[in-house]
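Shown here: model-v2.pdb, PDB, C-alpha atoms and all ligand atoms.
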ATOM      1  CA  MET A   1    -127.289 214.525   6.065
ATOM      2  CA  ASN A   2    -125.586 217.858   6.606
ATOM      3  CA  ASP A   3    -125.024 220.402   3.940
ATOM      4  CA  ILE A   4    -121.526 221.743   3.353
ATOM      5  CA  SER A   5    -120.235 223.555   6.380
ATOM      6  CA  ILE A   6    -116.681 224.544   7.104
ATOM      7  CA  GLU A   7    -117.355 225.866  10.548
ATOM      8  CA  GLY A   8    -114.291 225.667  12.719
ATOM      9  CA  SER A   9    -111.872 225.571   9.829
ATOM     10  CA  GLU A  10    -109.280 228.281   9.284
ATOM     11  CA  PRO A  11    -110.241 231.118   6.922
ATOM     12  CA  PHE A  12    -108.701 230.771   3.496
ATOM     13  CA  SER A  13    -106.716 234.022   3.726
ATOM     14  CA  LYS A  14    -104.990 232.782   6.869
ATOM     15  CA  TYR A  15    -104.428 229.377   5.374
ATOM     16  CA  ARG A  16    -102.954 230.815   2.190
ATOM     17  CA  SER A  17    -100.151 232.487   4.061
ATOM     18  CA  ALA A  18     -99.195 229.086   5.458
ATOM     19  CA  GLN A  19     -97.849 226.415   3.189
ATOM     20  CA  LEU A  20    -100.267 225.515   0.411
ATOM     21  CA  PHE A  21    -102.075 222.205   0.853
ATOM     22  CA  VAL A  22    -101.091 220.015  -2.111
ATOM     23  CA  GLY A  23    -101.649 216.470  -3.367
ATOM     24  CA  SER A  24     -98.537 215.071  -1.682
ATOM     25  CA  ASP A  25    -100.007 216.151   1.691
ATOM     26  CA  ILE A  26    -102.657 213.442   1.276
ATOM     27  CA  SER A  27    -101.430 210.115   2.598
ATOM     28  CA  ASP A  28    -102.339 206.849   0.883
ATOM     29  CA  GLU A  29    -104.455 205.979   3.938
ATOM     30  CA  ALA A  30    -106.446 209.227   3.696
ATOM     31  CA  CYS A  31    -106.886 208.636  -0.012
ATOM     32  CA  THR A  32    -108.244 205.135   0.680
ATOM     33  CA  GLU A  33    -110.683 206.580   3.224
ATOM     34  CA  ILE A  34    -111.935 209.086   0.672
ATOM     35  CA  ARG A  35    -112.197 206.358  -1.941
ATOM     36  CA  ASP A  36    -114.287 204.185   0.403
ATOM     37  CA  ILE A  37    -116.639 207.064   1.226
ATOM     38  CA  LEU A  38    -117.219 207.812  -2.465
ATOM     39  CA  PHE A  39    -117.706 204.151  -3.272
ATOM     40  CA  GLN A  40    -120.210 203.587  -0.481
ATOM     41  CA  GLY A  41    -121.967 206.924  -0.897
ATOM     42  CA  ARG A  42    -121.959 207.303  -4.656
ATOM     43  CA  GLY A  43    -120.970 203.904  -6.126
ATOM     44  CA  PHE A  44    -118.001 205.642  -7.791
ATOM     45  CA  ASP A  45    -114.758 203.665  -7.749
ATOM     46  CA  LEU A  46    -111.548 205.700  -7.763
ATOM     47  CA  ASP A  47    -109.406 202.593  -7.889
ATOM     48  CA  GLY A  48    -108.378 202.705 -11.542
ATOM     49  CA  TYR A  49    -107.538 206.421 -11.592
ATOM     50  CA  LYS A  50    -103.966 207.690 -11.373
ATOM     51  CA  ASP A  51    -103.155 208.351  -7.728
ATOM     52  CA  ARG A  52    -101.263 211.588  -8.320
ATOM     53  CA  CYS A  53    -104.040 213.006 -10.438
ATOM     54  CA  ILE A  54    -106.697 212.150  -7.846
ATOM     55  CA  LYS A  55    -104.690 213.523  -4.933
ATOM     56  CA  ARG A  56    -104.024 216.772  -6.800
ATOM     57  CA  ARG A  57    -107.737 217.308  -7.400
ATOM     58  CA  ILE A  58    -108.764 216.388  -3.856
ATOM     59  CA  ALA A  59    -106.153 218.844  -2.572
ATOM     60  CA  ALA A  60    -107.565 221.561  -4.847
ATOM     61  CA  ARG A  61    -111.055 220.887  -3.468
ATOM     62  CA  ILE A  62    -109.738 221.046   0.120
ATOM     63  CA  ARG A  63    -107.936 224.330  -0.633
ATOM     64  CA  ASN A  64    -111.096 225.795  -2.176
ATOM     65  CA  LEU A  65    -113.091 224.992   0.946
ATOM     66  CA  GLY A  66    -110.412 226.491   3.172
ATOM     67  CA  TYR A  67    -109.531 223.369   5.152
ATOM     68  CA  ARG A  68    -106.029 223.006   6.526
ATOM     69  CA  ARG A  69    -106.218 219.409   7.625
ATOM     70  CA  ILE A  70    -107.388 216.358   5.793
ATOM     71  CA  GLU A  71    -109.175 214.930   8.870
ATOM     72  CA  GLY A  72    -111.646 217.816   8.922
ATOM     73  CA  TYR A  73    -112.363 217.398   5.256
ATOM     74  CA  ILE A  74    -112.896 213.626   5.563
ATOM     75  CA  ALA A  75    -115.385 214.224   8.394
ATOM     76  CA  LEU A  76    -117.289 216.635   6.160
ATOM     77  CA  LEU A  77    -117.244 214.221   3.248
ATOM     78  CA  GLU A  78    -118.583 211.389   5.378
ATOM     79  CA  ASN A  79    -121.556 213.465   6.493
ATOM     80  CA  SER A  80    -122.461 215.440   3.427
ATOM     81  CA  ASP A  81    -124.160 214.078   0.309
ATOM     82  CA  VAL A  82    -123.641 217.489  -1.251
ATOM     83  CA  GLU A  83    -119.884 217.405  -0.702
ATOM     84  CA  GLN A  84    -119.660 213.864  -2.092
ATOM     85  CA  GLU A  85    -121.343 215.152  -5.253
ATOM     86  CA  GLN A  86    -119.087 218.218  -5.361
ATOM     87  CA  LEU A  87    -115.948 216.143  -4.980
ATOM     88  CA  LEU A  88    -117.091 213.805  -7.750
ATOM     89  CA  GLU A  89    -117.556 216.815  -9.987
ATOM     90  CA  ALA A  90    -114.067 218.075  -9.077
ATOM     91  CA  LEU A  91    -112.590 214.661  -9.878
ATOM     92  CA  THR A  92    -114.282 214.295 -13.250
ATOM     93  CA  ILE A  93    -113.212 217.352 -15.197
ATOM     94  CA  HIS A  94    -115.647 218.075 -18.006
ATOM     95  CA  VAL A  95    -113.497 220.265 -20.236
ATOM     96  CA  SER A  96    -114.633 219.918 -23.843
ATOM     97  CA  GLN A  97    -115.379 221.886 -26.974
ATOM     98  CA  PHE A  98    -117.203 221.415 -30.248
ATOM     99  CA  PHE A  99    -114.667 220.168 -32.852
ATOM    100  CA  ARG A 100    -111.930 219.970 -30.194
ATOM    101  CA  ASN A 101    -108.629 219.415 -32.052
ATOM    102  CA  PRO A 102    -110.085 220.514 -35.397
ATOM    103  CA  THR A 103    -107.579 218.493 -37.487
ATOM    104  CA  THR A 104    -108.986 215.294 -35.969
ATOM    105  CA  PHE A 105    -112.474 216.356 -37.039
ATOM    106  CA  SER A 106    -111.174 217.177 -40.542
ATOM    107  CA  VAL A 107    -109.947 213.575 -40.891
ATOM    108  CA  LEU A 108    -113.271 212.336 -39.541
ATOM    109  CA  GLU A 109    -115.192 214.524 -41.983
ATOM    110  CA  GLU A 110    -113.086 213.805 -45.061
ATOM    111  CA  GLN A 111    -112.101 210.194 -44.545
ATOM    112  CA  ILE A 112    -113.635 208.241 -41.681
ATOM    113  CA  LEU A 113    -117.338 209.169 -41.765
ATOM    114  CA  PRO A 114    -117.621 208.942 -45.606
ATOM    115  CA  GLU A 115    -115.951 205.504 -45.418
ATOM    116  CA  LEU A 116    -118.504 204.318 -42.844
ATOM    117  CA  LEU A 117    -121.451 205.757 -44.766
ATOM    118  CA  LEU A 118    -120.330 204.094 -47.980
ATOM    119  CA  LYS A 119    -119.757 200.765 -46.295
ATOM    120  CA  TYR A 120    -123.125 200.494 -44.533
ATOM    121  CA  ARG A 121    -125.403 202.496 -46.862
ATOM    122  CA  ASP A 122    -128.562 200.486 -47.652
ATOM    123  CA  LYS A 123    -127.396 197.733 -45.268
ATOM    124  CA  ARG A 124    -127.666 198.922 -41.680
ATOM    125  CA  GLU A 125    -127.195 201.924 -39.415
ATOM    126  CA  VAL A 126    -123.735 203.321 -38.626
ATOM    127  CA  ARG A 127    -123.156 203.140 -34.855
ATOM    128  CA  VAL A 128    -121.061 205.728 -33.014
ATOM    129  CA  TRP A 129    -120.190 205.827 -29.282
ATOM    130  CA  SER A 130    -118.620 208.869 -27.621
ATOM    131  CA  ILE A 131    -117.226 207.818 -24.214
ATOM    132  CA  GLY A 132    -116.625 210.418 -21.506
ATOM    133  CA  CYS A 133    -118.655 212.807 -23.649
ATOM    134  CA  ALA A 134    -118.863 215.556 -20.973
ATOM    135  CA  GLY A 135    -121.408 218.230 -22.038
ATOM    136  CA  GLY A 136    -122.109 216.519 -25.376
ATOM    137  CA  GLU A 137    -119.819 218.707 -27.488
ATOM    138  CA  GLU A 138    -118.076 215.674 -29.038
ATOM    139  CA  PRO A 139    -121.093 213.532 -30.059
ATOM    140  CA  TYR A 140    -122.946 216.659 -31.223
ATOM    141  CA  SER A 141    -119.935 217.571 -33.410
ATOM    142  CA  ILE A 142    -120.209 214.123 -35.008
ATOM    143  CA  ALA A 143    -123.970 214.635 -35.493
ATOM    144  CA  LEU A 144    -123.263 217.973 -37.215
ATOM    145  CA  LEU A 145    -120.762 216.354 -39.601
ATOM    146  CA  PHE A 146    -123.157 213.536 -40.433
ATOM    147  CA  ASP A 147    -125.938 216.032 -41.056
ATOM    148  CA  GLU A 148    -123.874 217.495 -43.898
ATOM    149  CA  LEU A 149    -122.648 214.137 -45.233
ATOM    150  CA  CYS A 150    -125.745 211.930 -45.043
ATOM    151  CA  ARG A 151    -128.222 211.116 -47.773
ATOM    152  CA  PRO A 152    -131.898 211.089 -46.731
ATOM    153  CA  ASN A 153    -132.051 207.308 -46.188
ATOM    154  CA  ASP A 154    -128.791 206.910 -44.287
ATOM    155  CA  LEU A 155    -129.249 205.605 -40.750
ATOM    156  CA  ILE A 156    -127.029 206.819 -37.935
ATOM    157  CA  SER A 157    -127.056 206.017 -34.222
ATOM    158  CA  ILE A 158    -124.946 208.160 -31.871
ATOM    159  CA  ILE A 159    -124.682 207.585 -28.147
ATOM    160  CA  GLY A 160    -122.825 209.801 -25.700
ATOM    161  CA  THR A 161    -121.965 208.370 -22.278
ATOM    162  CA  ASP A 162    -120.382 209.791 -19.163
ATOM    163  CA  VAL A 163    -120.055 208.806 -15.522
ATOM    164  CA  SER A 164    -121.523 212.151 -14.408
ATOM    165  CA  ALA A 165    -125.321 212.344 -14.464
ATOM    166  CA  ASP A 166    -125.186 216.136 -13.983
ATOM    167  CA  ILE A 167    -123.065 216.821 -17.031
ATOM    168  CA  LEU A 168    -125.325 214.576 -19.131
ATOM    169  CA  GLU A 169    -128.319 216.658 -18.062
ATOM    170  CA  LYS A 170    -126.451 219.712 -19.375
ATOM    171  CA  ALA A 171    -125.645 217.874 -22.578
ATOM    172  CA  ARG A 172    -129.328 217.075 -23.142
ATOM    173  CA  SER A 173    -130.265 220.742 -22.718
ATOM    174  CA  GLY A 174    -128.296 221.575 -25.891
ATOM    175  CA  VAL A 175    -127.299 225.005 -24.548
ATOM    176  CA  PHE A 176    -123.622 226.024 -24.586
ATOM    177  CA  GLU A 177    -121.378 228.830 -23.376
ATOM    178  CA  THR A 178    -119.498 230.680 -26.115
ATOM    179  CA  HIS A 179    -116.092 229.271 -25.114
ATOM    180  CA  ARG A 180    -117.304 225.770 -26.023
ATOM    181  CA  LEU A 181    -117.976 226.957 -29.566
ATOM    182  CA  VAL A 182    -114.743 228.695 -30.564
ATOM    183  CA  GLU A 183    -113.872 226.003 -33.126
ATOM    184  CA  VAL A 184    -117.314 226.008 -34.759
ATOM    185  CA  PRO A 185    -117.042 227.542 -38.268
ATOM    186  CA  ASP A 186    -119.246 230.629 -38.702
ATOM    187  CA  PRO A 187    -121.534 229.082 -41.344
ATOM    188  CA  VAL A 188    -122.154 226.069 -39.044
ATOM    189  CA  LEU A 189    -122.866 228.397 -36.118
ATOM    190  CA  ALA A 190    -125.337 230.382 -38.218
ATOM    191  CA  LYS A 191    -127.063 227.280 -39.595
ATOM    192  CA  TYR A 192    -127.388 225.124 -36.472
ATOM    193  CA  PHE A 193    -127.300 227.408 -33.412
ATOM    194  CA  SER A 194    -129.445 230.248 -32.129
ATOM    195  CA  GLN A 195    -128.094 232.836 -29.717
ATOM    196  CA  GLU A 196    -129.788 233.197 -26.319
ATOM    197  CA  GLY A 197    -128.081 236.036 -24.451
ATOM    198  CA  MET A 198    -124.496 234.941 -23.774
ATOM    199  CA  ARG A 199    -125.162 231.344 -24.784
ATOM    200  CA  TYR A 200    -126.060 229.343 -27.865
ATOM    201  CA  ARG A 201    -128.783 226.737 -28.311
ATOM    202  CA  LEU A 202    -128.153 223.856 -30.684
ATOM    203  CA  ASN A 203    -130.904 223.139 -33.175
ATOM    204  CA  GLU A 204    -133.352 220.562 -31.745
ATOM    205  CA  GLN A 205    -133.169 218.346 -34.794
ATOM    206  CA  ILE A 206    -129.414 217.778 -34.141
ATOM    207  CA  CYS A 207    -129.953 217.332 -30.385
ATOM    208  CA  ARG A 208    -132.412 214.539 -31.104
ATOM    209  CA  LYS A 209    -129.764 212.590 -33.017
ATOM    210  CA  VAL A 210    -127.686 211.914 -29.884
ATOM    211  CA  ARG A 211    -128.800 209.623 -27.060
ATOM    212  CA  PHE A 212    -127.122 210.346 -23.708
ATOM    213  CA  LEU A 213    -126.732 207.594 -21.126
ATOM    214  CA  ARG A 214    -124.948 207.397 -17.799
ATOM    215  CA  HIS A 215    -122.214 204.804 -18.079
ATOM    216  CA  ASP A 216    -119.069 204.169 -16.053
ATOM    217  CA  ILE A 217    -116.366 202.770 -18.309
ATOM    218  CA  LEU A 218    -114.721 201.060 -15.314
ATOM    219  CA  GLN A 219    -117.810 199.260 -14.096
ATOM    220  CA  ASP A 220    -120.630 199.033 -16.626
ATOM    221  CA  ARG A 221    -121.016 196.585 -19.479
ATOM    222  CA  PRO A 222    -119.741 198.037 -22.742
ATOM    223  CA  PHE A 223    -121.948 198.566 -25.782
ATOM    224  CA  LEU A 224    -121.362 196.175 -28.673
ATOM    225  CA  ARG A 225    -121.060 196.205 -32.501
ATOM    226  CA  ILE A 226    -119.940 199.841 -32.615
ATOM    227  CA  ASP A 227    -118.398 201.175 -35.848
ATOM    228  CA  LEU A 228    -116.717 204.274 -34.430
ATOM    229  CA  ILE A 229    -115.698 204.900 -30.824
ATOM    230  CA  LEU A 230    -114.435 208.273 -29.643
ATOM    231  CA  CYS A 231    -112.629 207.891 -26.339
ATOM    232  CA  ARG A 232    -110.729 211.155 -26.078
ATOM    233  CA  ASN A 233    -109.101 212.862 -23.137
ATOM    234  CA  MET A 234    -110.372 210.409 -20.567
ATOM    235  CA  LEU A 235    -107.825 207.575 -20.611
ATOM    236  CA  ILE A 236    -105.156 209.993 -19.358
ATOM    237  CA  TYR A 237    -106.823 209.961 -15.937
ATOM    238  CA  PHE A 238    -106.409 206.211 -15.506
ATOM    239  CA  SER A 239    -103.441 204.058 -14.516
ATOM    240  CA  ARG A 240    -101.662 202.236 -17.375
ATOM    241  CA  GLN A 241    -103.087 198.964 -16.177
ATOM    242  CA  GLU A 242    -106.614 200.349 -16.289
ATOM    243  CA  GLN A 243    -105.971 201.959 -19.695
ATOM    244  CA  GLU A 244    -104.980 198.582 -21.080
ATOM    245  CA  ARG A 245    -108.085 196.936 -19.636
ATOM    246  CA  ILE A 246    -110.313 199.650 -21.129
ATOM    247  CA  LEU A 247    -108.634 199.432 -24.558
ATOM    248  CA  ARG A 248    -109.146 195.667 -24.549
ATOM    249  CA  ALA A 249    -112.840 196.161 -23.706
ATOM    250  CA  LEU A 250    -113.157 198.753 -26.487
ATOM    251  CA  ALA A 251    -111.700 196.302 -29.018
ATOM    252  CA  ASN A 252    -114.493 193.922 -27.976
ATOM    253  CA  SER A 253    -117.072 196.662 -28.377
ATOM    254  CA  LEU A 254    -116.061 197.376 -31.949
ATOM    255  CA  ALA A 255    -117.618 195.683 -34.965
ATOM    256  CA  PRO A 256    -115.087 194.044 -37.348
ATOM    257  CA  GLU A 257    -112.804 196.775 -38.771
ATOM    258  CA  GLY A 258    -114.378 199.275 -36.357
ATOM    259  CA  LEU A 259    -112.487 202.493 -35.624
ATOM    260  CA  LEU A 260    -111.274 204.045 -32.401
ATOM    261  CA  VAL A 261    -110.242 207.671 -31.894
ATOM    262  CA  LEU A 262    -108.153 208.561 -28.829
ATOM    263  CA  GLY A 263    -107.166 212.027 -27.586
ATOM    264  CA  ARG A 264    -104.041 213.684 -28.981
ATOM    265  CA  ALA A 265    -102.111 212.995 -25.765
ATOM    266  CA  GLU A 266    -103.231 209.361 -25.569
ATOM    267  CA  THR A 267    -101.935 206.200 -27.163
ATOM    268  CA  MET A 268    -102.077 202.413 -27.128
ATOM    269  CA  VAL A 269    -100.414 200.830 -24.112
ATOM    270  CA  ASN A 270     -98.673 197.489 -23.729
ATOM    271  CA  GLU A 271    -100.484 194.583 -25.321
ATOM    272  CA  SER A 272    -103.453 196.634 -26.513
ATOM    273  CA  ARG A 273    -101.205 197.525 -29.514
ATOM    274  CA  GLU A 274    -101.795 194.037 -30.865
ATOM    275  CA  LEU A 275    -105.546 194.580 -31.009
ATOM    276  CA  PHE A 276    -105.446 197.559 -33.384
ATOM    277  CA  THR A 277    -103.679 198.819 -36.496
ATOM    278  CA  CYS A 278    -102.872 202.512 -36.706
ATOM    279  CA  VAL A 279    -104.832 204.504 -39.304
ATOM    280  CA  ASP A 280    -103.562 207.983 -38.462
ATOM    281  CA  PRO A 281    -100.703 208.289 -35.932
ATOM    282  CA  VAL A 282    -101.063 212.059 -35.500
ATOM    283  CA  GLU A 283    -104.816 212.077 -34.926
ATOM    284  CA  ARG A 284    -104.604 208.834 -32.912
ATOM    285  CA  ILE A 285    -107.061 206.903 -35.053
ATOM    286  CA  TYR A 286    -106.936 203.098 -34.894
ATOM    287  CA  ARG A 287    -108.745 200.243 -36.598
ATOM    288  CA  LYS A 288    -109.664 197.008 -34.872
ATOM    289  CA  ARG A 289    -107.342 194.349 -36.147
ATOM    290  CA  ASP A 290    -108.758 191.345 -37.935
ATOM    291  CA  GLU A 291    -108.172 188.608 -35.364
ATOM    292  CA  ASN A 292    -106.974 186.237 -38.102
ATOM    293  CA  ALA A 293    -104.460 188.653 -39.652
ATOM    294  CA  PRO A 294    -100.772 188.081 -38.824
ATOM    295  CA  LEU A 295     -99.327 190.548 -36.297
ATOM    296  CA  SER A 296     -96.476 191.550 -38.614
ATOM    297  CA  GLY A 297     -99.062 193.302 -40.850
ATOM    298  CA  SER A 298     -99.220 196.334 -38.504
TER
HETATM  299  C1  LIG A 301    -111.908 215.909 -20.183
HETATM  300  S1  LIG A 301    -113.492 215.241 -20.457
HETATM  301  C2  LIG A 301    -113.355 214.763 -22.159
HETATM  302  C3  LIG A 301    -114.545 215.206 -22.975
HETATM  303  C4  LIG A 301    -114.477 214.844 -24.459
HETATM  304  N1  LIG A 301    -114.287 213.441 -24.667
HETATM  305  C5  LIG A 301    -113.372 215.623 -25.130
HETATM  306  O1  LIG A 301    -112.334 215.065 -25.452
HETATM  307  O2  LIG A 301    -113.555 216.830 -25.332
HETATM  308  C6  LIG A 301    -113.401 213.677 -19.599
HETATM  309  C7  LIG A 301    -114.769 213.112 -19.278
HETATM  310  O3  LIG A 301    -114.589 211.760 -18.848
HETATM  311  C8  LIG A 301    -115.582 211.504 -17.877
HETATM  312  N2  LIG A 301    -115.206 210.341 -17.067
HETATM  313  C9  LIG A 301    -114.289 210.268 -16.066
HETATM  314  N3  LIG A 301    -114.276 209.026 -15.547
HETATM  315  C10 LIG A 301    -115.181 208.293 -16.244
HETATM  316  C11 LIG A 301    -115.625 206.947 -16.177
HETATM  317  N4  LIG A 301    -115.131 206.108 -15.260
HETATM  318  N5  LIG A 301    -116.575 206.525 -17.068
HETATM  319  C12 LIG A 301    -117.093 207.392 -17.977
HETATM  320  N6  LIG A 301    -116.736 208.690 -18.074
HETATM  321  C13 LIG A 301    -115.788 209.133 -17.228
HETATM  322  C14 LIG A 301    -115.641 212.794 -17.061
HETATM  323  O4  LIG A 301    -116.865 212.904 -16.343
HETATM  324  C15 LIG A 301    -115.470 213.851 -18.155
HETATM  325  O5  LIG A 301    -116.715 214.354 -18.583
END
Any chance you could give the structure as structure tokens?
Ligand SMILES: C[S@@+](CC[C@H](N)C(=O)[O-])C[C@H]1O[C@@H](n2cnc3c(N)ncnc32)[C@H](O)[C@@H]1O
Amino acid sequence: MNDISIEGSEPFSKYRSAQLFVGSDISDEACTEIRDILFQGRGFDLDGYKDRCIKRRIAARIRNLGYRRIEGYIALLENSDVEQEQLLEALTIHVSQFFRNPTTFSVLEEQILPELLLKYRDKREVRVWSIGCAGGEEPYSIALLFDELCRPNDLISIIGTDVSADILEKARSGVFETHRLVEVPDPVLAKYFSQEGMRYRLNEQICRKVRFLRHDILQDRPFLRIDLILCRNMLIYFSRQEQERILRALANSLAPEGLLVLGRAETMVNESRELFTCVDPVERIYRKRDENAPLSGS
């Protein structure tokens, strides 16, 4: 298949002076065509994602390449494995940081993780799942907290999953740009990271505590008997209907009384509210409801 080529398209400078190509310039039909190409070429299903969000990102990709018309871009996409990969990357934004929203991590450090350690100490491992983990910043932050809180015999299992194989490869490397580390306290930086030029390498012993697996939350079977799920800043990309379906699946993934952390801009939707009780409304922390408890107890 061809590599990316924008031969025959208008140069960006010329295009810029014309009206800017935006998401609303992409018809539903064109969007369906793009969705079919990505599904057939990459097995990635755009169906559950919010239309407006998807169209905005496709438009940004088209602008970056300098295309003026969607037809030209669709022809490129059909014929280029590389462009299919690039578009997938543009659609799945991997913004993350160690200890992103530090107050959430304070509650995890002071309340949630000690509770889990106490509950399962000498019984079984504590199981954590970070969904849409991007470059690993989130599950590694949990591993760092546990490293300070654990006793020598405590058993912890942390998995980080993401739909993007490329970003997981980065996560496994354990090397991070400085801007991913701005919330890391200085003593933690000094103890667990070593500087390599403009980047920082996370201590290998912490890296080994997180297992990274490719997993599409819309298509793959969920993991089970999890004590703590972090599903932050990913639900926002999905339609409400899809969010509800995912939240229902996450309730099934959790062990009894298991905990779920959403992003600060995310919340329970529709009937998923009945599956959880709220532990911390500001930090968006929820506990799986005991199926036998009356609903009025929320
Ligand atoms: C904005 S990042 C959030 C990273 C991290 N959870 C945080 O809050 O800092 C969203 C991540 O969700 C991933 N993602 C998008 N769609 C997904 C899907 N269907 N299944 C699993 N991960 C997905 C993206 O690849 C991206 O890495």
*Surroundings of ligand LIG 301 (chain A) up to 10 Å, based on all atoms listed in the file, as a PyMOL selection string*: chain A and resi 44-49+88-101+130-139+160-168+180+214-220+230-238+246+262-264
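Around Arg248 in chain A, within 10 Å and counting all atoms listed in the file, the residues found are A:Glu242, A:Gln243, A:Glu244, A:Asn252, A:Ser253, A:Glu271, A:Ser272, A:Arg273, A:Glu274, A:Leu275, A:Phe276, once anything fewer than 4 positions away on its own chain is removed.
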*When the PyMOL selection byres (((chain A and resi 200-206) around 10) and not hetatm) is applied to the file above, which residues end up in the set, as a PyMOL selection string?*
chain A and resi 140-144+146-147+173-178+180-181+189+191-199+207-210
*Counting all atoms listed in the file, the residue of A:Ala249, A:Ala171, A:Ala75, A:Glu283 that sits nearest Phe223 in chain A*: A:Ala249
*Distance query Phe21 in chain A at most 10 Å, all atoms listed in the file, self and fewer than 6 positions along chain excluded, as a PyMOL selection string*: chain A and resi 15+56+59-60+62-63+66-70
Just-selected residues, C-alpha atoms written as an mmCIF file, keeping the file's coordinate frame:
data_model
loop_
_atom_site.group_PDB
_atom_site.id
_atom_site.type_symbol
_atom_site.label_atom_id
_atom_site.label_comp_id
_atom_site.auth_asym_id
_atom_site.auth_seq_id
_atom_site.Cartn_x
_atom_site.Cartn_y
_atom_site.Cartn_z
ATOM 1 C CA TYR A 15 -104.428 229.377 5.374
ATOM 2 C CA ARG A 56 -104.024 216.772 -6.800
ATOM 3 C CA ALA A 59 -106.153 218.844 -2.572
ATOM 4 C CA ALA A 60 -107.565 221.561 -4.847
ATOM 5 C CA ILE A 62 -109.738 221.046 0.120
ATOM 6 C CA ARG A 63 -107.936 224.330 -0.633
ATOM 7 C CA GLY A 66 -110.412 226.491 3.172
ATOM 8 C CA TYR A 67 -109.531 223.369 5.152
ATOM 9 C CA ARG A 68 -106.029 223.006 6.526
ATOM 10 C CA ARG A 69 -106.218 219.409 7.625
ATOM 11 C CA ILE A 70 -107.388 216.358 5.793
#
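CA of Val261 in chain A is positioned 5.8 Å from CA of Arg284 in chain A.
Of note, CA of Asp25 in chain A and CA of Lys55 in chain A are spaced 8.5 Å apart.
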*Please evaluate the PyMOL selection byres (((chain A and resi 116-127) around 7) and not hetatm) against the displayed coordinates and give the resulting residues as a ChimeraX atom specification.*
/A:112-115,128-129,154-158,226-228
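Using only C-alpha atoms, the shortest contact distance between Asn292 in chain A and any of A:Val269, A:Asp186, A:Val22, A:Pro256 is found at A:Pro256.
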*Contact residues around Pro102 in chain A with only C-alpha atoms at 10 Å, ignoring same-chain residues under 4 positions, as a ChimeraX atom specification*: /A:98,106-108,183-184,283
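Atom pair CA of Gln84 in chain A / CA of Arg42 in chain A has a distance of 7.4 Å (rounded to one decimal).
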Using only the atoms of range 269-275 of chain A listed in the file, plus 8 Å on each side, state the axis-aligned box centre and edge lengths in Å rounded to one decimal, as lines of an AutoDock Vina configuration file.
center_x = -102.1
center_y = 197.4
center_z = -27.4
size_x = 22.9
size_y = 22.8
size_z = 23.3
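In this comparison, which uses all atoms listed in the file, the residue of A:Ile159, A:Leu38, A:Ile26, A:Ala265 approaching Glu71 in chain A most closely is A:Ile26.
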